[in-house]
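Below is one structure, written out as structure tokens; comments come after it.
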Amino acid sequence: MPTVHRPSVTRARRWLIAIAVTVLLAPLSVVTAAPAMAATASLSGRVLNADGSPASGVWIDAWRLGASSSADRTRTDTQGEFVIQGLRAGGTYHLSVVTGRDEGYATGFFTGDRADPESEDRSRARVFLATSSVRGRITLQREARTSVSGVFVNADGTPRANAEVYVYGVVDYTHAPVGEGPFGPTHTTRTAADGTFTVRGLETSGDEFDGHVVALHRGLTGWSGFIGEDPSTGLVPADRARVHPLTTAPIDAGTVTIPVATLPADQIVLGQGLTVDNAGTGAANEIIAVSGGTLSAFPVHDGVVQPGIPIRSGLSGQKIYAPGNWGRNDYFYRPEGAETVPRDDIIGVDGSGDMFLYEGDGYGYLRPPVKIGSGWQHRRLTFSADLDGDNRADMLSIDKNGVLRLHRGNGKGGFVSPSHRVSTGWKGDHLFAAGDLNEDYKADLISVDSSGVLWTHLGRGNGTFRKPIRVSSGWKSLTIATGADIDDDRHYYADIVARDATGRLYLYSGRGDGRFKTRKLIATGW
């Protein structure tokens with residue numbers, strides 16, 4: 001019988017172990033293997049100026065679609081060449097150009113439109129596909145840009161140095177640019193030591209803007225004064241700003257004299273919401289004065305009267321009444337308190353009895369006046385917050401017979417007809433809207449009778465008032481301003497500001513019961 005050769009037991013076991021190890025480690029090798037690196041690519045090319053010359057030294061940013069910040073950036077060389085590396089292969093990107101401080105860090109997205117090659121509207125940007133790096137593969141044409149230059153000087157002729165200058169792009173000038181809203185400044189710079197400024201990089205074509213307006217930021221209240229058609233007349237409200245149309249020629253804004261608020265005041269009223277506060281987010285407490293036909297707001301912070309801000313001229317011959325939210329339903333929203341604060345307006349009545357509404361936007365300018373009534377020259381008027389509980393500002397009038405009537409506001413700058421007779425016996429009294437004196441969220445009144453006695457009339461919220469409270473005497477010779485809480489005492493009791501015959505200004509803080517604390521001197525020269 002032939003001999004049969006078999007593998008040894010040891011060799012067979014080694015073979016089985018090797019197979020088992022291979023089988024067991026196979027899935028493990030799949031799990032622990034390093035993932036393949038994502039393929040990278042780049043965008044490269046050349047940037048030309050509007051005249052065809054190389055655009056050297058400009059920053060090019062790549063923005064992945066939908067991203068809020070750029071993925072990477074690089075700077076063009078002397079020949080306008082650029083390469084942006086490390087992008088995702090096959091990724092889609094927008095490209096933009098930023099040229100530094102001289103252009104206010106303005107971003108222009110390349111559109112591929114020869115008539116409008118750059119746009120600050122990213123939705124119009126051309127889409128680029130990141131592939132392998134090939135120098136000169138993309139040719140980007142810059143848009144012709146222009147500049148605006150001017151000089152700001154103080155009222156005494158000295159230069160206004162280191163002041164913030166804003167340039168706004170205007171889309172629809174029926175809605176003037178305001179604050180930090182959708183018409184926020186597109187470019188900013190600061191004046192030099194001699195008051196001069198130059199802002200470069202302004203759009204010259206396309207449908208993003210109809211033109212540009214120039215403003216000076218005033219700091220304390222967030223208010224900006226705009227350069228008007230005649231720069232020598234000083235700053236104007238936004239609705240009267242000069243609009244510079246789109247052009248490639250340099251723009252000369254001229255020499256602008258910054259107006260100042262003058263005293264003594266011919267009229268004084270109190271307000272909240274004609275200008276924003278120093279944080280730029282809500283209504284400021286303010287004393288509003290008219291002097292020589294110019295209306296100015298003097299913000300009050302921590303009980304201190306701040307320098308005045310001229311808002312509108314041309315009010316000579318008009319009686320100005322305390323602010324209220326008379327026109328459109330405009331409000332500030334304060335997220336920290338989840339509350340809304342009305343943006344106040346101004347009412348003026350001229351010598352012929354015509355009544356005008358000046359709507360405010362809360363950022364320190366008033367829109368053009370709108371005539372809302374006539375025939376008021378023979379009545380004493382008082383403009384108040386909501387007196388009848390319908391959340392609309394109202395007016396009271398006293399006729400020659402001493403009859404007090406309530407004119408309910410319609411929330412559109414006018415009044416509901418007919419008026420409502422409240423009471424009689426007001427023939428010798430001067431009536432003032434006092435705001436809320438006792439924090440019951442109902443509008444109150446104060447009056448000064450022919451003997452100089454001050455009375456408080458607490459409102460019931462339905463257009464009528466409780467029995468009057470005698471406060472004190474000696475008010476006959478004082479000029480009185482009421483209607484707002486301006487003392488920052490952490491209460492919402494309305495206050496009184498009164499001026500004596502020597503121009504001293506006193507604050508009478510509300511106590512919350514219809515009476516007032518001992519007066520405090522807050523200013524002189526009024």
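In the structure tokens, chains take letters A, B, ... by order of appearance, with residues numbered from 1 within each chain and ligands from 1 in the order shown.
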
*If you run DSSP on this backbone, which residues of region 454-487 of chain A come out as strand (DSSP E or B), and could you give them as a ChimeraX atom specification?*
/A:454-457,459,465,469-472,479-484

For the selection you just gave me, I'd like the residues written to a file as a PDB file, in the first residue's frame, keeping N, CA, C and O atoms.
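Dumped to out_17.pdb:
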```pdb
ATOM      1  N   LEU A 454     -51.430 126.473  39.811  1.00  0.00           N
ATOM      2  CA  LEU A 454     -51.293 125.271  39.004  1.00  0.00           C
ATOM      3  C   LEU A 454     -52.235 124.186  39.526  1.00  0.00           C
ATOM      4  O   LEU A 454     -52.275 123.897  40.731  1.00  0.00           O
ATOM      5  N   TRP A 455     -53.006 123.600  38.608  1.00  0.00           N
ATOM      6  CA  TRP A 455     -53.958 122.548  38.948  1.00  0.00           C
ATOM      7  C   TRP A 455     -53.633 121.294  38.144  1.00  0.00           C
ATOM      8  O   TRP A 455     -53.195 121.368  36.990  1.00  0.00           O
ATOM      9  N   THR A 456     -53.885 120.132  38.742  1.00  0.00           N
ATOM     10  CA  THR A 456     -53.744 118.846  38.065  1.00  0.00           C
ATOM     11  C   THR A 456     -55.119 118.253  37.810  1.00  0.00           C
ATOM     12  O   THR A 456     -55.990 118.270  38.685  1.00  0.00           O
ATOM     13  N   HIS A 457     -55.298 117.724  36.573  1.00  0.00           N
ATOM     14  CA  HIS A 457     -56.554 117.094  36.183  1.00  0.00           C
ATOM     15  C   HIS A 457     -56.231 115.666  35.739  1.00  0.00           C
ATOM     16  O   HIS A 457     -55.734 115.460  34.625  1.00  0.00           O
ATOM     17  N   GLY A 459     -56.803 112.129  34.277  1.00  0.00           N
ATOM     18  CA  GLY A 459     -57.741 111.603  33.297  1.00  0.00           C
ATOM     19  C   GLY A 459     -58.336 110.273  33.709  1.00  0.00           C
ATOM     20  O   GLY A 459     -57.709 109.473  34.414  1.00  0.00           O
ATOM     21  N   PHE A 465     -62.335 113.912  33.225  1.00  0.00           N
ATOM     22  CA  PHE A 465     -61.284 114.052  34.216  1.00  0.00           C
ATOM     23  C   PHE A 465     -61.868 114.072  35.630  1.00  0.00           C
ATOM     24  O   PHE A 465     -63.031 114.436  35.846  1.00  0.00           O
ATOM     25  N   ILE A 469     -56.898 118.919  41.272  1.00  0.00           N
ATOM     26  CA  ILE A 469     -56.071 118.975  42.477  1.00  0.00           C
ATOM     27  C   ILE A 469     -55.260 120.266  42.445  1.00  0.00           C
ATOM     28  O   ILE A 469     -54.534 120.532  41.477  1.00  0.00           O
ATOM     29  N   ARG A 470     -55.371 121.069  43.484  1.00  0.00           N
ATOM     30  CA  ARG A 470     -54.569 122.291  43.568  1.00  0.00           C
ATOM     31  C   ARG A 470     -53.144 121.919  43.940  1.00  0.00           C
ATOM     32  O   ARG A 470     -52.899 121.234  44.933  1.00  0.00           O
ATOM     33  N   VAL A 471     -52.171 122.373  43.134  1.00  0.00           N
ATOM     34  CA  VAL A 471     -50.771 122.012  43.359  1.00  0.00           C
ATOM     35  C   VAL A 471     -50.027 123.122  44.083  1.00  0.00           C
ATOM     36  O   VAL A 471     -49.526 122.938  45.195  1.00  0.00           O
ATOM     37  N   SER A 472     -49.950 124.306  43.468  1.00  0.00           N
ATOM     38  CA  SER A 472     -49.209 125.424  44.073  1.00  0.00           C
ATOM     39  C   SER A 472     -49.498 126.687  43.289  1.00  0.00           C
ATOM     40  O   SER A 472     -50.101 126.655  42.211  1.00  0.00           O
ATOM     41  N   THR A 479     -42.861 130.249  31.815  1.00  0.00           N
ATOM     42  CA  THR A 479     -43.158 129.562  30.558  1.00  0.00           C
ATOM     43  C   THR A 479     -43.062 128.068  30.823  1.00  0.00           C
ATOM     44  O   THR A 479     -42.032 127.580  31.301  1.00  0.00           O
ATOM     45  N   ILE A 480     -44.119 127.330  30.512  1.00  0.00           N
ATOM     46  CA  ILE A 480     -44.232 125.942  30.948  1.00  0.00           C
ATOM     47  C   ILE A 480     -44.181 124.992  29.752  1.00  0.00           C
ATOM     48  O   ILE A 480     -44.774 125.259  28.706  1.00  0.00           O
ATOM     49  N   ALA A 481     -43.438 123.897  29.929  1.00  0.00           N
ATOM     50  CA  ALA A 481     -43.390 122.809  28.945  1.00  0.00           C
ATOM     51  C   ALA A 481     -43.705 121.507  29.668  1.00  0.00           C
ATOM     52  O   ALA A 481     -43.135 121.226  30.721  1.00  0.00           O
ATOM     53  N   THR A 482     -44.618 120.716  29.110  1.00  0.00           N
ATOM     54  CA  THR A 482     -45.068 119.497  29.777  1.00  0.00           C
ATOM     55  C   THR A 482     -45.235 118.377  28.759  1.00  0.00           C
ATOM     56  O   THR A 482     -45.018 118.566  27.568  1.00  0.00           O
ATOM     57  N   GLY A 483     -45.637 117.222  29.271  1.00  0.00           N
ATOM     58  CA  GLY A 483     -46.050 116.147  28.387  1.00  0.00           C
ATOM     59  C   GLY A 483     -45.136 114.947  28.328  1.00  0.00           C
ATOM     60  O   GLY A 483     -45.399 114.009  27.579  1.00  0.00           O
ATOM     61  N   ALA A 484     -44.041 114.929  29.107  1.00  0.00           N
ATOM     62  CA  ALA A 484     -43.118 113.803  29.011  1.00  0.00           C
ATOM     63  C   ALA A 484     -42.379 113.598  30.331  1.00  0.00           C
ATOM     64  O   ALA A 484     -42.266 114.506  31.147  1.00  0.00           O
TER      65      ALA A 484
END
```

For this session: Skip Gln377 (chain A) itself and residues of its chain fewer than 5 positions away, then list as an NGL selection string all residues within 7 Å of it, counting only C-alpha atoms.
Result: :A and (351-353)

Pull N, CA and C atoms from the residues just selected and write them as a tab-separated table (two decimals), in the first residue's frame.
```tsv
chain	number	residue	atom	x	y	z
A	351	GLY	N	-50.28	131.85	11.96
A	351	GLY	CA	-51.10	132.97	12.38
A	351	GLY	C	-52.47	133.02	11.74
A	352	SER	N	-52.63	132.39	10.60
A	352	SER	CA	-53.93	132.38	9.93
A	352	SER	C	-54.80	131.21	10.37
A	353	GLY	N	-54.29	130.39	11.30
A	353	GLY	CA	-55.07	129.27	11.82
A	353	GLY	C	-54.90	127.97	11.07
```

What lies within 10 Å of Thr40 (chain A) using only C-alpha atoms, ignoring chain neighbours under 3 positions off, as an NGL selection string?
:A and (37 or 85-91 or 130-132)

Written file, previous selection with N, CA and C atoms, as an mmCIF file, in the first residue's frame:
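Result went into out-v5.cif, see below:
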```cif
data_model
loop_
_atom_site.group_PDB
_atom_site.id
_atom_site.type_symbol
_atom_site.label_atom_id
_atom_site.label_comp_id
_atom_site.auth_asym_id
_atom_site.auth_seq_id
_atom_site.Cartn_x
_atom_site.Cartn_y
_atom_site.Cartn_z
ATOM 1 N N MET A 37 -8.819 62.438 1.273
ATOM 2 C CA MET A 37 -8.859 63.893 1.387
ATOM 3 C C MET A 37 -9.792 64.467 0.322
ATOM 4 N N GLN A 85 -6.700 79.720 -3.659
ATOM 5 C CA GLN A 85 -6.531 78.278 -3.555
ATOM 6 C C GLN A 85 -7.317 77.714 -2.375
ATOM 7 N N GLY A 86 -7.342 76.375 -2.287
ATOM 8 C CA GLY A 86 -7.946 75.698 -1.154
ATOM 9 C C GLY A 86 -9.459 75.674 -1.176
ATOM 10 N N LEU A 87 -10.062 75.919 -2.338
ATOM 11 C CA LEU A 87 -11.513 75.870 -2.447
ATOM 12 C C LEU A 87 -11.964 74.439 -2.731
ATOM 13 N N ARG A 88 -13.224 74.187 -2.530
ATOM 14 C CA ARG A 88 -13.764 72.856 -2.751
ATOM 15 C C ARG A 88 -13.910 72.606 -4.256
ATOM 16 N N ALA A 89 -13.341 71.492 -4.712
ATOM 17 C CA ALA A 89 -13.416 71.174 -6.139
ATOM 18 C C ALA A 89 -14.871 71.020 -6.559
ATOM 19 N N GLY A 90 -15.233 71.682 -7.615
ATOM 20 C CA GLY A 90 -16.604 71.637 -8.093
ATOM 21 C C GLY A 90 -17.543 72.558 -7.336
ATOM 22 N N GLY A 91 -17.024 73.284 -6.323
ATOM 23 C CA GLY A 91 -17.851 74.206 -5.566
ATOM 24 C C GLY A 91 -18.185 75.447 -6.367
ATOM 25 N N ALA A 130 -15.269 76.330 -9.125
ATOM 26 C CA ALA A 130 -13.875 76.109 -8.747
ATOM 27 C C ALA A 130 -13.363 74.830 -9.386
ATOM 28 N N THR A 131 -12.280 74.957 -10.201
ATOM 29 C CA THR A 131 -11.660 73.797 -10.831
ATOM 30 C C THR A 131 -10.160 73.884 -10.629
ATOM 31 N N SER A 132 -9.379 73.358 -11.573
ATOM 32 C CA SER A 132 -7.928 73.429 -11.450
ATOM 33 C C SER A 132 -7.458 74.854 -11.668
#
```

When you look at region 420-427 of chain A with a cut-off of 7 Å (counting only C-alpha atoms), what residues show up, excluding the ones that are within fewer than 5 positions of it in the same chain? I need them as a ChimeraX atom specification.
/A:398,400-407,464

Just want the 7 Å neighbourhood of region 514-517 of chain A, counted on only C-alpha atoms, with same-chain residues fewer than 2 positions away dropped. Output as a list of chain:residue names. A:Leu437, A:Asn438, A:Thr456, A:Val471, A:Tyr508, A:Ser509, A:Gly510, A:Arg511, A:Gly512, A:Arg519

Can you write just those residues out, all heavy atoms, as a short mmCIF file (atom, residue, chain, number, x, y, z; two decimals), in the first residue's frame?
```cif
data_model
loop_
_atom_site.label_atom_id
_atom_site.label_comp_id
_atom_site.auth_asym_id
_atom_site.auth_seq_id
_atom_site.Cartn_x
_atom_site.Cartn_y
_atom_site.Cartn_z
N LEU A 437 -49.33 111.41 34.95
CA LEU A 437 -48.79 111.93 36.21
C LEU A 437 -48.83 110.91 37.34
O LEU A 437 -48.12 111.07 38.33
CB LEU A 437 -49.57 113.18 36.63
CG LEU A 437 -49.40 114.40 35.72
CD1 LEU A 437 -50.35 115.51 36.16
CD2 LEU A 437 -47.96 114.89 35.73
N ASN A 438 -49.67 109.88 37.23
CA ASN A 438 -49.82 108.94 38.35
C ASN A 438 -49.63 107.49 37.91
O ASN A 438 -49.97 106.57 38.64
CB ASN A 438 -51.18 109.11 39.01
CG ASN A 438 -52.34 108.92 38.04
OD1 ASN A 438 -52.14 108.91 36.82
ND2 ASN A 438 -53.54 108.78 38.57
N THR A 456 -53.88 120.13 38.74
CA THR A 456 -53.74 118.85 38.07
C THR A 456 -55.12 118.25 37.81
O THR A 456 -55.99 118.27 38.69
CB THR A 456 -52.92 117.87 38.92
OG1 THR A 456 -51.57 118.33 39.00
CG2 THR A 456 -52.92 116.48 38.29
N VAL A 471 -52.17 122.37 43.13
CA VAL A 471 -50.77 122.01 43.36
C VAL A 471 -50.03 123.12 44.08
O VAL A 471 -49.53 122.94 45.19
CB VAL A 471 -50.07 121.68 42.03
CG1 VAL A 471 -48.60 121.34 42.26
CG2 VAL A 471 -50.78 120.52 41.33
N TYR A 508 -39.27 120.19 37.35
CA TYR A 508 -40.18 119.78 38.43
C TYR A 508 -40.51 118.30 38.16
O TYR A 508 -41.34 117.98 37.32
CB TYR A 508 -41.45 120.61 38.43
CG TYR A 508 -41.25 122.09 38.68
CD1 TYR A 508 -40.81 122.94 37.67
CD2 TYR A 508 -41.54 122.64 39.93
CE1 TYR A 508 -40.64 124.30 37.89
CE2 TYR A 508 -41.38 124.01 40.16
CZ TYR A 508 -40.92 124.82 39.14
OH TYR A 508 -40.76 126.17 39.37
N SER A 509 -39.87 117.41 38.87
CA SER A 509 -40.09 115.97 38.66
C SER A 509 -41.42 115.54 39.25
O SER A 509 -41.77 115.93 40.37
CB SER A 509 -38.95 115.17 39.29
OG SER A 509 -37.73 115.41 38.62
N GLY A 510 -42.13 114.71 38.51
CA GLY A 510 -43.40 114.20 39.00
C GLY A 510 -43.22 113.25 40.17
O GLY A 510 -42.26 112.48 40.24
N ARG A 511 -44.18 113.30 41.11
CA ARG A 511 -44.13 112.44 42.31
C ARG A 511 -44.96 111.17 42.14
O ARG A 511 -44.85 110.23 42.93
CB ARG A 511 -44.65 113.19 43.53
CG ARG A 511 -43.79 114.33 43.98
CD ARG A 511 -44.17 114.85 45.34
NE ARG A 511 -45.56 114.64 45.74
CZ ARG A 511 -46.10 115.18 46.84
NH1 ARG A 511 -45.35 115.96 47.63
NH2 ARG A 511 -47.36 114.96 47.14
N GLY A 512 -45.84 111.16 41.15
CA GLY A 512 -46.69 110.00 40.95
C GLY A 512 -48.09 110.17 41.52
O GLY A 512 -48.90 109.24 41.41
N ARG A 519 -38.32 122.06 42.77
CA ARG A 519 -37.70 122.30 41.46
C ARG A 519 -36.18 122.23 41.53
O ARG A 519 -35.56 122.48 42.57
CB ARG A 519 -38.13 123.66 40.92
CG ARG A 519 -37.55 124.86 41.65
CD ARG A 519 -38.10 126.15 41.05
NE ARG A 519 -37.47 127.33 41.61
CZ ARG A 519 -37.77 128.58 41.26
NH1 ARG A 519 -38.73 128.79 40.34
NH2 ARG A 519 -37.15 129.61 41.79
#
```

### Message
Applying 12 Å and only C-alpha atoms, which residues near Ser123 (chain A) remain after dropping the ones on its own chain fewer than 5 positions away? List them as a ChimeraX atom specification.
### Response
/A:65-66,94,108-111,118,208

Which residue, A:Ala215, A:Leu507, A:Ala241, A:Leu357, has the smallest gap to Ala494 (chain A) when you use only C-alpha atoms?
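When distances to Ala494 (chain A) are compared using only C-alpha atoms, the smallest one comes from A:Leu507.
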
| field | Spatial neighbours of region 245-260 of chain A, 9 Å, only C-alpha atoms, chain gap at least 3 places, as a ChimeraX atom specification | value | /A:144-157,160,196,202-206,209-212,214,216,225,227,230-235,296,307-310

Can you spit out the residues from that selection as a CSV table (one decimal), in the first residue's frame, using N, CA and C atoms?
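File written: part-v6.csv
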```csv
chain,number,residue,atom,x,y,z
A,144,ALA,N,-16.4,101.4,-13.4
A,144,ALA,CA,-16.0,102.7,-13.1
A,144,ALA,C,-16.6,103.2,-11.8
A,145,ARG,N,-15.8,103.8,-10.9
A,145,ARG,CA,-16.2,104.3,-9.7
A,145,ARG,C,-15.9,105.8,-9.6
A,146,THR,N,-16.7,106.4,-8.7
A,146,THR,CA,-16.5,107.9,-8.6
A,146,THR,C,-16.3,108.2,-7.1
A,147,SER,N,-16.0,109.5,-6.8
A,147,SER,CA,-15.8,109.9,-5.4
A,147,SER,C,-16.6,111.1,-5.1
A,148,VAL,N,-16.7,111.4,-3.8
A,148,VAL,CA,-17.4,112.7,-3.4
A,148,VAL,C,-16.5,113.3,-2.4
A,149,SER,N,-16.3,114.6,-2.5
A,149,SER,CA,-15.4,115.4,-1.6
A,149,SER,C,-16.1,116.6,-1.2
A,150,GLY,N,-15.6,117.1,0.0
A,150,GLY,CA,-16.2,118.3,0.5
A,150,GLY,C,-15.5,118.8,1.8
A,151,VAL,N,-16.0,119.8,2.4
A,151,VAL,CA,-15.4,120.4,3.6
A,151,VAL,C,-16.5,120.7,4.6
A,152,PHE,N,-16.3,120.3,5.9
A,152,PHE,CA,-17.2,120.7,6.9
A,152,PHE,C,-16.6,121.7,7.8
A,153,VAL,N,-17.3,122.8,8.1
A,153,VAL,CA,-16.7,123.8,9.0
A,153,VAL,C,-17.8,124.1,10.1
A,154,ASN,N,-17.3,124.5,11.2
A,154,ASN,CA,-18.2,124.9,12.3
A,154,ASN,C,-18.8,126.2,12.0
A,155,ALA,N,-19.8,126.6,12.8
A,155,ALA,CA,-20.5,127.9,12.6
A,155,ALA,C,-19.6,129.0,12.7
A,156,ASP,N,-18.5,128.9,13.5
A,156,ASP,CA,-17.5,130.0,13.7
A,156,ASP,C,-16.4,130.0,12.6
A,157,GLY,N,-16.5,129.1,11.6
A,157,GLY,CA,-15.5,129.0,10.5
A,157,GLY,C,-14.4,128.1,10.7
A,160,ARG,N,-14.2,121.3,11.0
A,160,ARG,CA,-14.7,120.2,11.8
A,160,ARG,C,-13.9,119.0,11.6
A,196,THR,N,-11.7,118.5,5.6
A,196,THR,CA,-12.0,118.0,4.3
A,196,THR,C,-12.2,116.5,4.4
A,202,LEU,N,-17.7,105.0,-5.1
A,202,LEU,CA,-19.2,105.1,-5.2
A,202,LEU,C,-19.6,104.4,-6.5
A,203,GLU,N,-20.8,103.8,-6.5
A,203,GLU,CA,-21.4,103.2,-7.7
A,203,GLU,C,-21.7,104.3,-8.7
A,204,THR,N,-21.5,103.9,-10.0
A,204,THR,CA,-21.8,104.8,-11.1
A,204,THR,C,-22.7,104.2,-12.1
A,205,SER,N,-23.2,103.0,-12.0
A,205,SER,CA,-24.1,102.4,-13.0
A,205,SER,C,-24.9,101.3,-12.3
A,206,GLY,N,-25.9,100.8,-13.0
A,206,GLY,CA,-26.7,99.8,-12.5
A,206,GLY,C,-28.0,100.3,-11.8
A,209,PHE,N,-28.9,101.8,-7.1
A,209,PHE,CA,-29.2,103.1,-6.5
A,209,PHE,C,-29.6,104.1,-7.6
A,210,ASP,N,-30.4,105.0,-7.2
A,210,ASP,CA,-30.7,106.1,-8.0
A,210,ASP,C,-29.7,107.3,-7.9
A,211,GLY,N,-29.0,107.3,-6.8
A,211,GLY,CA,-28.0,108.3,-6.6
A,211,GLY,C,-27.4,108.2,-5.2
A,212,HIS,N,-26.7,109.2,-4.7
A,212,HIS,CA,-26.1,109.2,-3.4
A,212,HIS,C,-26.4,110.5,-2.7
A,214,VAL,N,-25.1,112.7,1.0
A,214,VAL,CA,-24.0,112.8,2.0
A,214,VAL,C,-24.5,113.4,3.3
A,216,LEU,N,-23.5,114.1,7.7
A,216,LEU,CA,-22.6,114.2,8.8
A,216,LEU,C,-23.2,113.6,10.0
A,225,GLY,N,-27.1,114.8,9.9
A,225,GLY,CA,-27.5,116.0,9.1
A,225,GLY,C,-27.1,115.9,7.7
A,227,ILE,N,-26.4,117.0,3.6
A,227,ILE,CA,-26.0,118.2,2.8
A,227,ILE,C,-27.1,118.5,1.8
A,230,ASP,N,-28.0,123.7,-1.3
A,230,ASP,CA,-27.0,124.8,-1.0
A,230,ASP,C,-26.2,124.5,0.2
A,231,PRO,N,-25.0,124.0,0.1
A,231,PRO,CA,-24.2,123.6,1.3
A,231,PRO,C,-24.0,124.7,2.3
A,232,SER,N,-24.0,126.0,1.8
A,232,SER,CA,-23.7,127.1,2.7
A,232,SER,C,-24.8,127.3,3.7
A,233,THR,N,-26.0,126.8,3.4
A,233,THR,CA,-27.1,126.9,4.4
A,233,THR,C,-27.0,125.9,5.5
A,234,GLY,N,-26.0,125.0,5.5
A,234,GLY,CA,-25.8,124.1,6.5
A,234,GLY,C,-26.5,122.8,6.3
A,235,LEU,N,-26.7,122.0,7.3
A,235,LEU,CA,-27.2,120.6,7.2
A,235,LEU,C,-28.8,120.7,7.2
A,296,SER,N,-35.1,123.0,17.4
A,296,SER,CA,-33.9,122.2,17.8
A,296,SER,C,-34.3,121.3,18.9
A,307,PRO,N,-26.1,119.5,24.4
A,307,PRO,CA,-26.2,120.5,23.3
A,307,PRO,C,-27.3,120.2,22.3
A,308,GLY,N,-27.9,121.3,21.8
A,308,GLY,CA,-29.0,121.1,20.9
A,308,GLY,C,-28.7,120.7,19.5
A,309,ILE,N,-29.6,120.1,18.9
A,309,ILE,CA,-29.4,119.6,17.5
A,309,ILE,C,-30.5,120.3,16.6
A,310,PRO,N,-30.1,121.2,15.7
A,310,PRO,CA,-31.1,121.8,14.8
A,310,PRO,C,-31.7,120.7,13.9
```

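Distance annotation: of A:Val58, A:Val97, A:Leu263, A:Ala385, the residue with the minimal separation from Ser70 (chain A) is A:Val97; atom set is only C-alpha atoms.
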
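We find CA of Lys371 (chain A) and CA of Lys412 (chain A) to be spaced 12.1 Å apart.
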
Can you list, as an MDAnalysis selection string, every residue of region 44-194 of chain A that DSSP puts in helix (DSSP H, G or I)? chainID A and resid 101:103 122:124

The selected residues should be written to file as a compact mmCIF listing (two decimals), in the first residue's frame (atoms: all heavy atoms).
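Written out: selection.txt:
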```txt
# COMPACT_ATOMS: atom_id res chain seq x y z
N ARG A 101 -9.47 101.06 2.67
CA ARG A 101 -10.04 102.20 3.39
C ARG A 101 -10.48 103.32 2.45
O ARG A 101 -11.48 103.99 2.69
CB ARG A 101 -9.02 102.73 4.40
CG ARG A 101 -9.57 103.85 5.27
CD ARG A 101 -8.58 104.23 6.34
NE ARG A 101 -8.30 103.11 7.23
CZ ARG A 101 -9.06 102.79 8.27
NH1 ARG A 101 -10.15 103.48 8.52
NH2 ARG A 101 -8.75 101.79 9.05
N ASP A 102 -9.74 103.53 1.36
CA ASP A 102 -10.09 104.63 0.46
C ASP A 102 -11.45 104.43 -0.18
O ASP A 102 -12.07 105.37 -0.66
CB ASP A 102 -9.03 104.79 -0.63
CG ASP A 102 -7.77 105.46 -0.11
OD1 ASP A 102 -7.85 106.03 1.00
OD2 ASP A 102 -6.74 105.40 -0.79
N GLU A 103 -11.94 103.20 -0.21
CA GLU A 103 -13.26 102.96 -0.76
C GLU A 103 -14.23 102.50 0.32
O GLU A 103 -15.24 101.88 0.05
CB GLU A 103 -13.19 101.93 -1.89
CG GLU A 103 -12.42 102.44 -3.10
CD GLU A 103 -12.67 101.60 -4.33
OE1 GLU A 103 -13.78 101.07 -4.47
OE2 GLU A 103 -11.76 101.48 -5.15
N ARG A 122 -25.67 91.22 -3.82
CA ARG A 122 -25.08 89.91 -4.07
C ARG A 122 -25.97 89.01 -4.91
O ARG A 122 -25.49 88.10 -5.60
CB ARG A 122 -24.75 89.24 -2.74
CG ARG A 122 -23.96 87.95 -2.88
CD ARG A 122 -23.58 87.38 -1.53
NE ARG A 122 -23.00 86.05 -1.65
CZ ARG A 122 -22.66 85.29 -0.63
NH1 ARG A 122 -22.84 85.73 0.61
NH2 ARG A 122 -22.15 84.09 -0.80
N SER A 123 -27.28 89.25 -4.87
CA SER A 123 -28.18 88.40 -5.64
C SER A 123 -27.94 88.52 -7.14
O SER A 123 -28.37 87.67 -7.91
CB SER A 123 -29.64 88.77 -5.33
OG SER A 123 -29.94 90.08 -5.78
N ARG A 124 -27.23 89.55 -7.57
CA ARG A 124 -26.93 89.75 -8.98
C ARG A 124 -25.56 89.21 -9.37
O ARG A 124 -25.12 89.36 -10.50
CB ARG A 124 -27.03 91.23 -9.34
CG ARG A 124 -28.40 91.85 -9.08
CD ARG A 124 -28.46 93.30 -9.54
NE ARG A 124 -28.23 93.39 -10.97
CZ ARG A 124 -27.28 94.12 -11.52
NH1 ARG A 124 -26.45 94.82 -10.77
NH2 ARG A 124 -27.11 94.16 -12.83
```

**Item:** Atom-to-atom span, CA of Asp266 (chain A) and CA of Gly317 (chain A), Å
**Value:**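 So the answer is 10.6 Å.
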
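If you look at CA of Arg380 (chain A) and CA of Val269 (chain A), they are 15.5 Å away from each other.
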
Notebook entry, point to check: Looking at A:Lys442, A:Arg114, A:Arg142, A:Arg242, which one is nearest to Ala393 (chain A), with distances taken over only C-alpha atoms?
Noted result: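 Using only C-alpha atoms, Ala393 (chain A) sits closest to A:Lys442.
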